[in-house]
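Data file: final38.cif. Format and content: mmCIF, C-alpha atoms (C1' of nucleotides).
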```cif
data_input
#
loop_
_atom_site.label_atom_id
_atom_site.label_comp_id
_atom_site.auth_asym_id
_atom_site.auth_seq_id
_atom_site.Cartn_x
_atom_site.Cartn_y
_atom_site.Cartn_z
CA MET A 555 0.00 0.00 0.00
CA MET A 556 1.38 3.36 -0.87
CA ASN A 557 -1.36 5.91 -0.53
CA LYS A 558 -0.82 9.08 1.40
CA TYR A 559 -3.02 10.32 4.23
CA PRO A 560 -4.48 12.74 4.83
CA LEU A 561 -4.97 14.41 1.49
CA SER A 562 -5.35 18.17 1.38
CA ARG A 563 -8.37 19.75 -0.21
CA ALA A 564 -6.31 20.65 -3.26
CA GLU A 565 -4.95 17.12 -3.57
CA VAL A 566 -8.41 15.67 -3.32
CA ILE A 567 -9.66 17.96 -6.04
CA ASP A 568 -6.70 17.12 -8.20
CA LEU A 569 -7.30 13.42 -7.72
CA MET A 570 -10.94 13.81 -8.66
CA ARG A 571 -10.04 15.64 -11.83
CA GLN A 572 -7.60 12.90 -12.75
CA LYS A 573 -10.40 10.39 -12.43
CA GLY A 574 -12.78 12.47 -14.47
CA ILE A 575 -15.00 13.48 -11.58
CA ASN A 576 -16.41 16.98 -11.47
CA PRO A 577 -15.29 18.28 -8.05
CA THR A 578 -18.46 19.84 -6.76
CA GLN A 579 -18.60 21.11 -3.22
CA GLN A 580 -20.44 18.11 -1.79
CA ARG A 581 -18.22 15.65 -3.55
CA VAL A 582 -15.11 17.34 -2.27
CA GLU A 583 -16.47 17.25 1.27
CA ILE A 584 -17.16 13.57 0.98
CA ALA A 585 -13.82 12.82 -0.60
CA GLN A 586 -11.97 14.74 2.07
CA VAL A 587 -13.57 12.64 4.75
CA LEU A 588 -12.67 9.46 2.91
CA PHE A 589 -9.08 10.48 2.34
CA SER A 590 -8.47 11.82 5.81
CA GLU A 591 -6.98 8.48 6.82
CA PRO A 592 -6.93 4.84 5.76
CA GLN A 593 -10.30 3.48 6.80
CA HIS A 594 -13.28 1.42 5.81
CA VAL A 595 -16.55 3.22 6.13
CA SER A 596 -20.14 2.57 5.18
CA ALA A 597 -22.35 5.10 3.43
CA ASP A 598 -24.09 5.86 6.69
CA GLN A 599 -20.82 6.54 8.44
CA VAL A 600 -19.75 8.86 5.68
CA LEU A 601 -23.02 10.70 5.98
CA ALA A 602 -22.50 11.13 9.70
CA MET A 603 -18.89 12.20 9.37
CA VAL A 604 -19.57 14.77 6.68
CA ASN A 605 -22.48 16.29 8.55
CA ARG A 606 -20.88 16.17 11.97
CA LYS A 607 -20.89 19.93 12.44
CA ARG A 608 -23.72 21.05 10.23
CA PRO A 609 -25.82 19.51 7.47
CA ILE A 610 -23.75 19.64 4.32
CA VAL A 611 -24.83 16.69 2.24
CA SER A 612 -28.00 14.66 1.94
CA LYS A 613 -28.24 10.92 2.18
CA ALA A 614 -29.09 10.56 -1.49
CA THR A 615 -26.05 12.52 -2.50
CA VAL A 616 -23.78 10.45 -0.30
CA TYR A 617 -25.02 7.27 -1.94
CA ASN A 618 -24.80 8.72 -5.42
CA THR A 619 -21.36 10.11 -4.79
CA LEU A 620 -19.92 6.96 -3.28
CA GLY A 621 -21.28 4.98 -6.20
CA LEU A 622 -19.69 7.43 -8.59
CA PHE A 623 -16.36 7.33 -6.77
CA ALA A 624 -16.33 3.55 -6.86
CA GLN A 625 -17.25 3.45 -10.52
CA LYS A 626 -14.52 5.92 -11.40
CA GLY A 627 -11.96 4.08 -9.34
CA LEU A 628 -11.41 6.80 -6.78
CA VAL A 629 -12.25 4.44 -3.97
CA ARG A 630 -12.74 0.73 -3.69
CA GLU A 631 -15.93 -1.01 -2.70
CA VAL A 632 -15.39 -3.84 -0.27
CA ILE A 633 -18.17 -6.35 0.04
CA VAL A 634 -17.80 -8.64 3.01
CA ASP A 635 -21.00 -8.06 4.89
CA PRO A 636 -24.34 -8.58 3.22
CA THR A 637 -25.88 -5.74 5.17
CA LYS A 638 -23.65 -2.94 3.96
CA VAL A 639 -20.90 -1.90 1.61
CA PHE A 640 -17.59 -0.57 2.85
CA TYR A 641 -15.68 2.09 0.97
CA ASP A 642 -11.92 1.96 1.08
CA PRO A 643 -9.87 4.99 0.01
CA THR A 644 -6.77 2.88 -0.49
CA THR A 645 -6.72 1.86 -4.11
CA ALA A 646 -3.22 0.42 -4.19
CA PRO A 647 -3.40 -3.40 -4.34
CA HIS A 648 -4.00 -4.92 -0.97
CA HIS A 649 -6.24 -7.42 0.75
CA HIS A 650 -8.42 -7.49 3.82
CA PHE A 651 -8.99 -9.13 7.13
CA TYR A 652 -12.58 -9.20 8.21
CA ASN A 653 -13.41 -9.91 11.83
CA VAL A 654 -16.77 -11.60 11.76
CA ASP A 655 -17.23 -11.09 15.50
CA THR A 656 -16.70 -7.37 15.53
CA GLY A 657 -17.48 -6.46 11.94
CA GLU A 658 -14.08 -4.81 11.76
CA LEU A 659 -12.29 -4.61 8.43
CA MET A 660 -8.51 -4.27 8.31
CA ASP A 661 -6.03 -3.76 5.54
CA MET A 662 -3.43 -6.34 4.69
CA ASP A 663 -0.44 -5.61 2.52
CA ALA A 664 -0.65 -7.19 -0.89
CA ASP A 665 2.71 -8.87 -0.44
CA SER A 666 1.75 -10.48 2.85
CA LEU A 667 0.16 -13.14 0.77
CA THR A 668 1.74 -14.90 -2.16
CA LEU A 669 -0.68 -14.93 -5.00
CA GLY A 670 0.35 -16.85 -8.07
CA GLU A 671 -0.64 -15.77 -11.50
CA LEU A 672 -4.30 -15.73 -12.33
CA PRO A 673 -5.83 -18.89 -13.71
CA SER A 674 -7.45 -18.79 -17.10
CA LEU A 675 -10.55 -16.70 -16.87
CA PRO A 676 -13.96 -17.73 -18.17
CA GLU A 677 -14.18 -17.20 -21.91
CA GLY A 678 -14.97 -13.70 -23.09
CA THR A 679 -14.07 -12.07 -19.83
CA GLU A 680 -11.19 -10.05 -18.49
CA ALA A 681 -10.13 -9.59 -14.90
CA GLU A 682 -11.27 -6.46 -13.20
CA ALA A 683 -10.12 -7.09 -9.66
CA VAL A 684 -8.97 -9.80 -7.31
CA ASP A 685 -10.45 -9.63 -3.88
CA VAL A 686 -8.95 -11.65 -1.08
CA VAL A 687 -10.65 -11.59 2.27
CA ILE A 688 -9.43 -13.53 5.26
CA ARG A 689 -12.28 -13.96 7.66
CA VAL A 690 -11.12 -14.17 11.22
CA ARG A 691 -12.89 -14.55 14.52
CA ASN A 692 -11.85 -13.73 18.04
CA THR A 693 -9.92 -16.55 19.62
CA ALA A 694 -11.69 -16.26 22.94
CA ALA A 695 -15.24 -16.08 21.66
CA SER A 696 -15.37 -19.65 20.47
CA CYS A 697 -17.94 -22.05 19.00
CA MET B 1205 -13.21 -29.62 -5.50
CA MET B 1206 -14.38 -33.08 -4.65
CA ASN B 1207 -18.02 -32.97 -3.82
CA LYS B 1208 -20.44 -35.35 -5.43
CA TYR B 1209 -23.60 -34.34 -7.26
CA PRO B 1210 -26.39 -34.99 -7.09
CA LEU B 1211 -26.85 -36.32 -3.59
CA SER B 1212 -29.66 -38.76 -2.93
CA ARG B 1213 -32.25 -38.06 -0.29
CA ALA B 1214 -30.57 -40.55 2.02
CA GLU B 1215 -27.16 -38.99 1.49
CA VAL B 1216 -28.51 -35.56 2.17
CA ILE B 1217 -30.07 -36.72 5.41
CA ASP B 1218 -26.89 -38.45 6.39
CA LEU B 1219 -24.88 -35.33 5.71
CA MET B 1220 -27.25 -33.25 7.77
CA ARG B 1221 -26.96 -35.63 10.70
CA GLN B 1222 -23.17 -35.46 10.47
CA LYS B 1223 -23.40 -31.71 10.78
CA GLY B 1224 -25.78 -31.87 13.68
CA ILE B 1225 -28.81 -30.66 11.79
CA ASN B 1226 -32.18 -32.18 12.53
CA PRO B 1227 -33.37 -33.39 9.11
CA THR B 1228 -36.92 -32.14 9.09
CA GLN B 1229 -38.97 -32.45 5.95
CA GLN B 1230 -38.56 -28.86 4.82
CA ARG B 1231 -34.87 -28.85 5.51
CA VAL B 1232 -34.37 -32.01 3.51
CA GLU B 1233 -36.29 -30.52 0.60
CA ILE B 1234 -34.12 -27.45 0.66
CA ALA B 1235 -30.92 -29.42 1.02
CA GLN B 1236 -31.85 -31.68 -1.88
CA VAL B 1237 -32.29 -28.71 -4.13
CA LEU B 1238 -28.95 -27.30 -3.05
CA PHE B 1239 -27.12 -30.58 -3.53
CA SER B 1240 -28.70 -31.46 -6.85
CA GLU B 1241 -25.74 -29.95 -8.65
CA PRO B 1242 -22.88 -27.51 -8.11
CA GLN B 1243 -24.47 -24.11 -8.18
CA HIS B 1244 -24.73 -20.73 -6.53
CA VAL B 1245 -28.21 -19.72 -5.58
CA SER B 1246 -29.84 -16.95 -3.63
CA ALA B 1247 -32.49 -17.49 -1.00
CA ASP B 1248 -35.16 -16.38 -3.41
CA GLN B 1249 -34.01 -18.84 -6.01
CA VAL B 1250 -34.05 -21.64 -3.48
CA LEU B 1251 -37.56 -20.67 -2.51
CA ALA B 1252 -38.68 -20.81 -6.12
CA MET B 1253 -36.93 -24.10 -6.83
CA VAL B 1254 -38.31 -25.85 -3.79
CA ASN B 1255 -41.85 -24.68 -4.43
CA ARG B 1256 -41.80 -25.18 -8.17
CA LYS B 1257 -44.53 -27.81 -8.15
CA ARG B 1258 -46.44 -27.00 -5.04
CA PRO B 1259 -45.92 -24.84 -1.96
CA ILE B 1260 -43.69 -26.80 0.35
CA VAL B 1261 -41.71 -24.25 2.30
CA SER B 1262 -42.31 -20.67 3.35
CA LYS B 1263 -39.96 -17.80 2.76
CA ALA B 1264 -39.14 -17.47 6.43
CA THR B 1265 -38.17 -21.10 6.65
CA VAL B 1266 -35.94 -20.86 3.62
CA TYR B 1267 -34.05 -17.97 5.16
CA ASN B 1268 -33.84 -19.64 8.54
CA THR B 1269 -32.74 -22.90 7.02
CA LEU B 1270 -30.09 -21.44 4.77
CA GLY B 1271 -28.74 -19.50 7.72
CA LEU B 1272 -28.64 -22.68 9.75
CA PHE B 1273 -26.94 -24.61 6.97
CA ALA B 1274 -24.30 -21.97 6.60
CA GLN B 1275 -23.71 -21.77 10.32
CA LYS B 1276 -23.34 -25.54 10.58
CA GLY B 1277 -21.02 -25.68 7.61
CA LEU B 1278 -23.32 -27.63 5.35
CA VAL B 1279 -23.10 -24.96 2.70
CA ARG B 1280 -20.96 -21.92 2.16
CA GLU B 1281 -22.17 -18.36 2.03
CA VAL B 1282 -20.63 -16.36 -0.76
CA ILE B 1283 -20.84 -12.61 -0.48
CA VAL B 1284 -19.94 -10.82 -3.67
CA ASP B 1285 -23.02 -8.80 -4.38
CA PRO B 1286 -24.36 -6.37 -1.82
CA THR B 1287 -27.92 -7.10 -2.84
CA LYS B 1288 -28.00 -10.78 -2.05
CA VAL B 1289 -26.17 -13.73 -0.57
CA PHE B 1290 -25.29 -16.77 -2.62
CA TYR B 1291 -25.28 -20.24 -1.14
CA ASP B 1292 -22.76 -22.71 -2.45
CA PRO B 1293 -23.16 -26.42 -1.73
CA THR B 1294 -19.51 -27.11 -2.48
CA THR B 1295 -17.65 -26.92 0.78
CA ALA B 1296 -14.33 -28.26 -0.43
CA PRO B 1297 -11.79 -25.44 -0.67
CA HIS B 1298 -12.17 -23.46 -3.84
CA HIS B 1299 -12.47 -19.91 -5.07
CA HIS B 1300 -14.81 -17.95 -7.29
CA PHE B 1301 -15.10 -15.94 -10.42
CA TYR B 1302 -17.75 -13.28 -10.32
CA ASN B 1303 -18.93 -11.72 -13.53
CA VAL B 1304 -19.97 -8.22 -12.62
CA ASP B 1305 -21.79 -7.77 -15.92
CA THR B 1306 -24.00 -10.81 -15.66
CA GLY B 1307 -24.01 -11.39 -11.92
CA GLU B 1308 -22.85 -14.93 -12.61
CA LEU B 1309 -20.76 -16.75 -10.04
CA MET B 1310 -18.47 -19.59 -11.07
CA ASP B 1311 -16.32 -22.03 -9.19
CA MET B 1312 -12.58 -22.06 -9.53
CA ASP B 1313 -10.43 -24.92 -8.33
CA ALA B 1314 -8.42 -24.11 -5.25
CA ASP B 1315 -5.19 -25.14 -6.94
CA SER B 1316 -5.73 -22.87 -9.93
CA LEU B 1317 -4.32 -20.16 -7.80
CA THR B 1318 -1.19 -20.38 -5.74
CA LEU B 1319 -1.87 -19.05 -2.33
CA GLY B 1320 1.08 -18.79 -0.01
CA GLU B 1321 0.75 -19.30 3.68
CA LEU B 1322 -1.42 -16.91 5.60
CA PRO B 1323 0.16 -13.77 6.96
CA SER B 1324 0.09 -13.17 10.67
CA LEU B 1325 -3.46 -12.51 11.70
CA PRO B 1326 -4.58 -9.61 13.84
CA GLU B 1327 -3.90 -10.30 17.47
CA GLY B 1328 -6.43 -12.41 19.31
CA THR B 1329 -7.98 -13.79 16.19
CA GLU B 1330 -7.90 -17.05 14.29
CA ALA B 1331 -8.64 -17.65 10.64
CA GLU B 1332 -12.08 -18.90 9.81
CA ALA B 1333 -12.00 -18.79 6.04
CA VAL B 1334 -10.13 -17.35 3.12
CA ASP B 1335 -12.30 -16.02 0.36
CA VAL B 1336 -10.80 -15.25 -3.01
CA VAL B 1337 -12.99 -13.69 -5.63
CA ILE B 1338 -11.79 -12.73 -9.07
CA ARG B 1339 -14.13 -10.15 -10.49
CA VAL B 1340 -14.33 -10.31 -14.23
CA ARG B 1341 -16.26 -8.39 -16.82
CA ASN B 1342 -17.24 -9.21 -20.36
CA THR B 1343 -14.52 -8.28 -22.80
CA ALA B 1344 -16.92 -6.86 -25.37
CA ALA B 1345 -19.16 -4.84 -23.12
CA SER B 1346 -16.77 -2.08 -22.28
CA CYS B 1347 -17.13 1.40 -20.93
"C1'" DC C 805 -46.35 -33.05 27.09
"C1'" DT C 806 -42.35 -30.32 25.97
"C1'" DG C 807 -39.34 -28.53 22.81
"C1'" DC C 808 -38.20 -27.72 18.23
"C1'" DT C 809 -40.15 -26.07 13.56
"C1'" DT C 810 -42.85 -23.70 10.54
"C1'" DG C 811 -45.41 -19.88 8.42
"C1'" DC C 812 -47.63 -15.58 8.00
"C1'" DA C 813 -47.37 -10.99 8.05
"C1'" DA C 814 -45.23 -7.05 9.66
"C1'" DA C 815 -41.16 -4.69 10.52
"C1'" DG C 816 -36.40 -3.41 9.55
"C1'" DG C 817 -32.16 -1.76 7.35
"C1'" DC C 818 -29.76 -0.30 3.48
"C1'" DT C 819 -30.02 1.59 -1.04
"C1'" DT C 820 -32.24 3.48 -5.16
"C1'" DT C 821 -35.42 6.41 -7.58
"C1'" DG C 822 -38.46 10.32 -9.23
"C1'" DC C 823 -38.67 14.68 -9.69
"C1'" DA C 824 -38.37 19.59 -8.64
"C1'" DG C 825 -35.34 23.15 -7.28
"C1'" DA C 826 -30.43 24.80 -7.20
"C1'" DA C 827 -25.90 25.34 -8.97
"C1'" DC C 828 -22.71 25.98 -12.48
"C1'" DA C 829 -20.61 26.95 -17.10
"C1'" DT D 845 -29.86 28.98 -20.98
"C1'" DG D 846 -28.68 24.24 -20.93
"C1'" DT D 847 -26.59 20.72 -18.34
"C1'" DT D 848 -25.23 18.74 -14.23
"C1'" DC D 849 -26.11 18.20 -9.22
"C1'" DT D 850 -28.56 18.03 -5.07
"C1'" DG D 851 -32.10 16.81 -1.75
"C1'" DC D 852 -36.42 15.24 -0.04
"C1'" DA D 853 -39.46 11.79 0.39
"C1'" DA D 854 -41.22 7.67 -1.23
"C1'" DA D 855 -40.47 3.28 -2.89
"C1'" DG D 856 -37.84 -1.11 -3.33
"C1'" DC D 857 -35.39 -5.16 -2.08
"C1'" DC D 858 -33.63 -8.54 0.67
"C1'" DT D 859 -33.77 -10.28 5.16
"C1'" DT D 860 -35.24 -10.72 9.98
"C1'" DT D 861 -38.57 -10.98 13.63
"C1'" DG D 862 -42.78 -11.86 16.62
"C1'" DC D 863 -45.80 -14.94 17.65
"C1'" DA D 864 -49.24 -18.52 17.19
"C1'" DA D 865 -50.11 -23.00 15.26
"C1'" DG D 866 -48.05 -27.52 13.98
"C1'" DC D 867 -45.18 -31.50 14.62
"C1'" DA D 868 -42.03 -34.92 16.68
"C1'" DG D 869 -40.36 -37.69 20.23
#
```
Could you quickly redo this structure as structure tokens?
Amino acid sequence: MMNKYPLSRAEVIDLMRQKGINPTQQRVEIAQVLFSEPQHVSADQVLAMVNRKRPIVSKATVYNTLGLFAQKGLVREVIVDPTKVFYDPTTAPHHHFYNVDTGELMDMDADSLTLGELPSLPEGTEAEAVDVVIRVRNTAASC
Amino acid sequence: MMNKYPLSRAEVIDLMRQKGINPTQQRVEIAQVLFSEPQHVSADQVLAMVNRKRPIVSKATVYNTLGLFAQKGLVREVIVDPTKVFYDPTTAPHHHFYNVDTGELMDMDADSLTLGELPSLPEGTEAEAVDVVIRVRNTAASC
DNA sequence: CTGCTTGCAAAGGCTTTGCAGAACA
DNA sequence: TGTTCTGCAAAGCCTTTGCAAGCAG
């Protein structure tokens, strides 16, 4: 992983432009929250973080914006929990630990895990991403 | 992968007993559908398949049963799409291809991909599962 | 009888949508 | 002035839950 945190407002805007995203005020606010530190947040959390001081963005816009960011490759969608999607600002290749007891999601360096070359893909398809998730549970809490 | 398909009614019941699941009529019906062939089905699909001829099982029971099966290790939950959970009867180690264009999920032999030993896990946790998903998209249908 | 299962319908949580008003070029 | 965004509220979808009736041992 080799992303930098936090990103300044100007850096965020620059990054958005690079990805072809029109840096409107709301989008910049949302992006700044995402790129303040490495983290894994749900749409609801983003909504809360952005509006912590005063209402800045609506729920609909948060959802639309996160979807746009993911589609444009500004952030990565991580799907490990059927009840919500996590958004990960770190786009450099890496994997995840998911604690099924706590719902916590943690980054794992890409080179912590040896991954051979990809097998032949189904015909007519090309690889878009490789997601590796190691599900862990607390040692104490057994069964 | 080394599971056998399809499983007879008796084999299904036997398997359920091994996993500590009381083989009630509805559960056996559901399990038979799941173990009829290697596949990846959502709860709704299971509901439709089981009740194809006549109403046999309710929606609530399908959800409860699939949850129970997953918890007992009879089937594997595959989470690749935030809108629904897939249930996979193949429990032998393997990975998946997920076609984001079609929503199709395909099995991939475990040994198609070299996976080194696990990195050190977060403190106080033990590995429960390693999920590898290769997201692919159709070559033609591009952006 | 006693406990485990089932089913219906209602509730719940997360996400998307329709559409009108606002912002921006 | 035309296009792109935003926001509110309503709708949608999948899943869970409460609770009474059913079934098995």
### Query
Which neighbours of Asn1342 of chain B fall inside 12 Å, counting only C-alpha atoms (C1' of nucleotides), when residues of the same chain fewer than 4 positions from it are skipped, and could you give them as number ranges by chain?
A: 675-682; B: 1302-1308, 1346-1347
Keeping only C-alpha atoms, write those residues as a PDB file, keeping the file's coordinate frame.
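File written: again.pdb
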```pdb
ATOM      1  CA  LEU A 675     -10.550 -16.700 -16.870  1.00  0.00           C
ATOM      2  CA  PRO A 676     -13.960 -17.730 -18.170  1.00  0.00           C
ATOM      3  CA  GLU A 677     -14.180 -17.200 -21.910  1.00  0.00           C
ATOM      4  CA  GLY A 678     -14.970 -13.700 -23.090  1.00  0.00           C
ATOM      5  CA  THR A 679     -14.070 -12.070 -19.830  1.00  0.00           C
ATOM      6  CA  GLU A 680     -11.190 -10.050 -18.490  1.00  0.00           C
ATOM      7  CA  ALA A 681     -10.130  -9.590 -14.900  1.00  0.00           C
ATOM      8  CA  GLU A 682     -11.270  -6.460 -13.200  1.00  0.00           C
TER       9      GLU A 682
ATOM     10  CA  TYR B1302     -17.750 -13.280 -10.320  1.00  0.00           C
ATOM     11  CA  ASN B1303     -18.930 -11.720 -13.530  1.00  0.00           C
ATOM     12  CA  VAL B1304     -19.970  -8.220 -12.620  1.00  0.00           C
ATOM     13  CA  ASP B1305     -21.790  -7.770 -15.920  1.00  0.00           C
ATOM     14  CA  THR B1306     -24.000 -10.810 -15.660  1.00  0.00           C
ATOM     15  CA  GLY B1307     -24.010 -11.390 -11.920  1.00  0.00           C
ATOM     16  CA  GLU B1308     -22.850 -14.930 -12.610  1.00  0.00           C
ATOM     17  CA  SER B1346     -16.770  -2.080 -22.280  1.00  0.00           C
ATOM     18  CA  CYS B1347     -17.130   1.400 -20.930  1.00  0.00           C
TER      19      CYS B1347
END
```
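Selection check: the PyMOL selection byres ((chain B) within 8 of (chain D)) on the shown file gives Tyr1267, Thr1287 and Lys1288 of chain B.
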Least-squares fit of chain B onto chain A (C-alpha, ordered pairing) as a short mmCIF file (atom, residue, chain, number, x, y, z; two decimals) with C-alpha atoms, keeping the file's coordinate frame:
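Result saved to selection_37.cif:
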```
data_model
loop_
_atom_site.label_atom_id
_atom_site.label_comp_id
_atom_site.auth_asym_id
_atom_site.auth_seq_id
_atom_site.Cartn_x
_atom_site.Cartn_y
_atom_site.Cartn_z
CA MET B 1205 0.07 0.03 0.02
CA MET B 1206 1.39 3.43 -0.89
CA ASN B 1207 -1.35 5.94 -0.52
CA LYS B 1208 -0.81 9.11 1.42
CA TYR B 1209 -3.01 10.32 4.26
CA PRO B 1210 -4.46 12.72 4.88
CA LEU B 1211 -4.96 14.42 1.55
CA SER B 1212 -5.36 18.18 1.47
CA ARG B 1213 -8.38 19.77 -0.11
CA ALA B 1214 -6.31 20.69 -3.15
CA GLU B 1215 -4.95 17.17 -3.49
CA VAL B 1216 -8.40 15.72 -3.25
CA ILE B 1217 -9.66 18.01 -5.97
CA ASP B 1218 -6.69 17.20 -8.12
CA LEU B 1219 -7.28 13.50 -7.68
CA MET B 1220 -10.91 13.88 -8.60
CA ARG B 1221 -10.02 15.75 -11.77
CA GLN B 1222 -7.57 13.01 -12.70
CA LYS B 1223 -10.37 10.51 -12.42
CA GLY B 1224 -12.75 12.61 -14.43
CA ILE B 1225 -14.98 13.58 -11.54
CA ASN B 1226 -16.40 17.07 -11.40
CA PRO B 1227 -15.28 18.33 -7.97
CA THR B 1228 -18.46 19.86 -6.68
CA GLN B 1229 -18.61 21.10 -3.13
CA GLN B 1230 -20.43 18.10 -1.71
CA ARG B 1231 -18.22 15.65 -3.51
CA VAL B 1232 -15.11 17.34 -2.21
CA GLU B 1233 -16.47 17.22 1.33
CA ILE B 1234 -17.15 13.54 1.01
CA ALA B 1235 -13.81 12.81 -0.59
CA GLN B 1236 -11.97 14.72 2.12
CA VAL B 1237 -13.57 12.61 4.78
CA LEU B 1238 -12.67 9.44 2.92
CA PHE B 1239 -9.07 10.49 2.36
CA SER B 1240 -8.47 11.79 5.85
CA GLU B 1241 -6.97 8.46 6.83
CA PRO B 1242 -6.92 4.82 5.76
CA GLN B 1243 -10.27 3.45 6.78
CA HIS B 1244 -13.27 1.40 5.77
CA VAL B 1245 -16.55 3.18 6.09
CA SER B 1246 -20.13 2.54 5.14
CA ALA B 1247 -22.34 5.06 3.42
CA ASP B 1248 -24.10 5.80 6.67
CA GLN B 1249 -20.84 6.46 8.42
CA VAL B 1250 -19.76 8.81 5.67
CA LEU B 1251 -23.04 10.63 5.98
CA ALA B 1252 -22.54 11.06 9.71
CA MET B 1253 -18.92 12.14 9.39
CA VAL B 1254 -19.60 14.71 6.72
CA ASN B 1255 -22.53 16.22 8.58
CA ARG B 1256 -20.97 16.08 12.01
CA LYS B 1257 -20.99 19.84 12.49
CA ARG B 1258 -23.78 20.95 10.27
CA PRO B 1259 -25.88 19.42 7.50
CA ILE B 1260 -23.81 19.58 4.37
CA VAL B 1261 -24.86 16.64 2.26
CA SER B 1262 -28.03 14.60 1.95
CA LYS B 1263 -28.25 10.86 2.16
CA ALA B 1264 -29.09 10.51 -1.50
CA THR B 1265 -26.05 12.48 -2.50
CA VAL B 1266 -23.78 10.41 -0.31
CA TYR B 1267 -24.99 7.23 -1.96
CA ASN B 1268 -24.78 8.70 -5.43
CA THR B 1269 -21.35 10.11 -4.78
CA LEU B 1270 -19.89 6.97 -3.29
CA GLY B 1271 -21.25 5.01 -6.22
CA LEU B 1272 -19.66 7.48 -8.60
CA PHE B 1273 -16.35 7.36 -6.77
CA ALA B 1274 -16.29 3.61 -6.88
CA GLN B 1275 -17.21 3.52 -10.54
CA LYS B 1276 -14.48 6.01 -11.41
CA GLY B 1277 -11.91 4.15 -9.36
CA LEU B 1278 -11.39 6.85 -6.78
CA VAL B 1279 -12.22 4.46 -3.99
CA ARG B 1280 -12.72 0.74 -3.74
CA GLU B 1281 -15.90 -1.00 -2.76
CA VAL B 1282 -15.37 -3.84 -0.34
CA ILE B 1283 -18.15 -6.35 -0.03
CA VAL B 1284 -17.77 -8.65 2.93
CA ASP B 1285 -20.95 -8.08 4.83
CA PRO B 1286 -24.30 -8.59 3.17
CA THR B 1287 -25.83 -5.76 5.14
CA LYS B 1288 -23.62 -2.96 3.92
CA VAL B 1289 -20.87 -1.91 1.56
CA PHE B 1290 -17.57 -0.58 2.80
CA TYR B 1291 -15.67 2.09 0.94
CA ASP B 1292 -11.91 1.98 1.05
CA PRO B 1293 -9.87 5.01 -0.01
CA THR B 1294 -6.75 2.91 -0.53
CA THR B 1295 -6.69 1.90 -4.15
CA ALA B 1296 -3.20 0.45 -4.22
CA PRO B 1297 -3.37 -3.35 -4.40
CA HIS B 1298 -3.97 -4.90 -1.03
CA HIS B 1299 -6.20 -7.40 0.70
CA HIS B 1300 -8.38 -7.48 3.78
CA PHE B 1301 -8.95 -9.11 7.09
CA TYR B 1302 -12.54 -9.19 8.18
CA ASN B 1303 -13.37 -9.90 11.77
CA VAL B 1304 -16.73 -11.59 11.71
CA ASP B 1305 -17.20 -11.08 15.45
CA THR B 1306 -16.66 -7.35 15.48
CA GLY B 1307 -17.46 -6.46 11.88
CA GLU B 1308 -14.06 -4.80 11.69
CA LEU B 1309 -12.25 -4.60 8.38
CA MET B 1310 -8.48 -4.26 8.25
CA ASP B 1311 -5.99 -3.74 5.48
CA MET B 1312 -3.40 -6.32 4.64
CA ASP B 1313 -0.41 -5.59 2.45
CA ALA B 1314 -0.61 -7.17 -0.96
CA ASP B 1315 2.76 -8.85 -0.52
CA SER B 1316 1.80 -10.48 2.77
CA LEU B 1317 0.21 -13.13 0.70
CA THR B 1318 1.77 -14.86 -2.24
CA LEU B 1319 -0.66 -14.93 -5.06
CA GLY B 1320 0.37 -16.86 -8.12
CA GLU B 1321 -0.66 -15.81 -11.56
CA LEU B 1322 -4.33 -15.81 -12.37
CA PRO B 1323 -5.86 -18.98 -13.71
CA SER B 1324 -7.49 -18.91 -17.10
CA LEU B 1325 -10.61 -16.83 -16.88
CA PRO B 1326 -14.00 -17.88 -18.15
CA GLU B 1327 -14.23 -17.41 -21.87
CA GLY B 1328 -15.04 -13.93 -23.10
CA THR B 1329 -14.13 -12.26 -19.87
CA GLU B 1330 -11.26 -10.21 -18.55
CA ALA B 1331 -10.18 -9.72 -14.97
CA GLU B 1332 -11.34 -6.57 -13.29
CA ALA B 1333 -10.17 -7.16 -9.75
CA VAL B 1334 -8.99 -9.84 -7.39
CA ASP B 1335 -10.46 -9.64 -3.94
CA VAL B 1336 -8.93 -11.64 -1.13
CA VAL B 1337 -10.61 -11.58 2.23
CA ILE B 1338 -9.38 -13.51 5.22
CA ARG B 1339 -12.24 -13.94 7.63
CA VAL B 1340 -11.08 -14.15 11.19
CA ARG B 1341 -12.84 -14.52 14.49
CA ASN B 1342 -11.81 -13.70 18.01
CA THR B 1343 -9.88 -16.53 19.59
CA ALA B 1344 -11.62 -16.22 22.95
CA ALA B 1345 -15.18 -15.86 21.80
CA SER B 1346 -15.76 -19.38 20.64
CA CYS B 1347 -18.79 -21.47 19.95
#
```
### Neighbours of chain A in chain C at 9 Å, counting all atoms listed in the file, as a list in words
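Output check: DG817, DC818, DT819 and DT820 of chain C.
As for atom CA of Arg581 of chain A and atom CA of Leu659 of chain A, they are spaced 24.3 Å apart.
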### Task
Mind giving me the straight-line distance from atom CA of Leu672 of chain A to atom CA of Ser1316 of chain B in Å, one decimal?
7.7 Å
### Query
So what does the PyMOL selection byres ((chain B and resi 1274-1278) around 9) actually pick up in this one, as a PyMOL selection string?
chain B and resi 1219-1220+1223-1225+1235+1269-1273+1279-1281+1291+1293-1295
### Task
Identify the residues within 8 Å of coordinate (-8.5, -23.6, -7.7) (same frame as the file), considering only C-alpha atoms (C1' of nucleotides), and give the answer as a ChimeraX atom specification.
/B:1205,1297-1299,1312-1317
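With only C-alpha atoms as the atoms that count, the residue of B:Ala1296, B:Leu1251, B:Val1284, B:Val1266 with the shortest distance to chain A is B:Val1284.
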### Query
Quick one: residues within 12 Å of Val582 of chain A, all atoms listed in the file counted, chain neighbours fewer than 2 positions away excluded, as number ranges by chain?
A: 561-571, 575-580, 584-590, 604, 610-611, 615-616, 619-620, 623
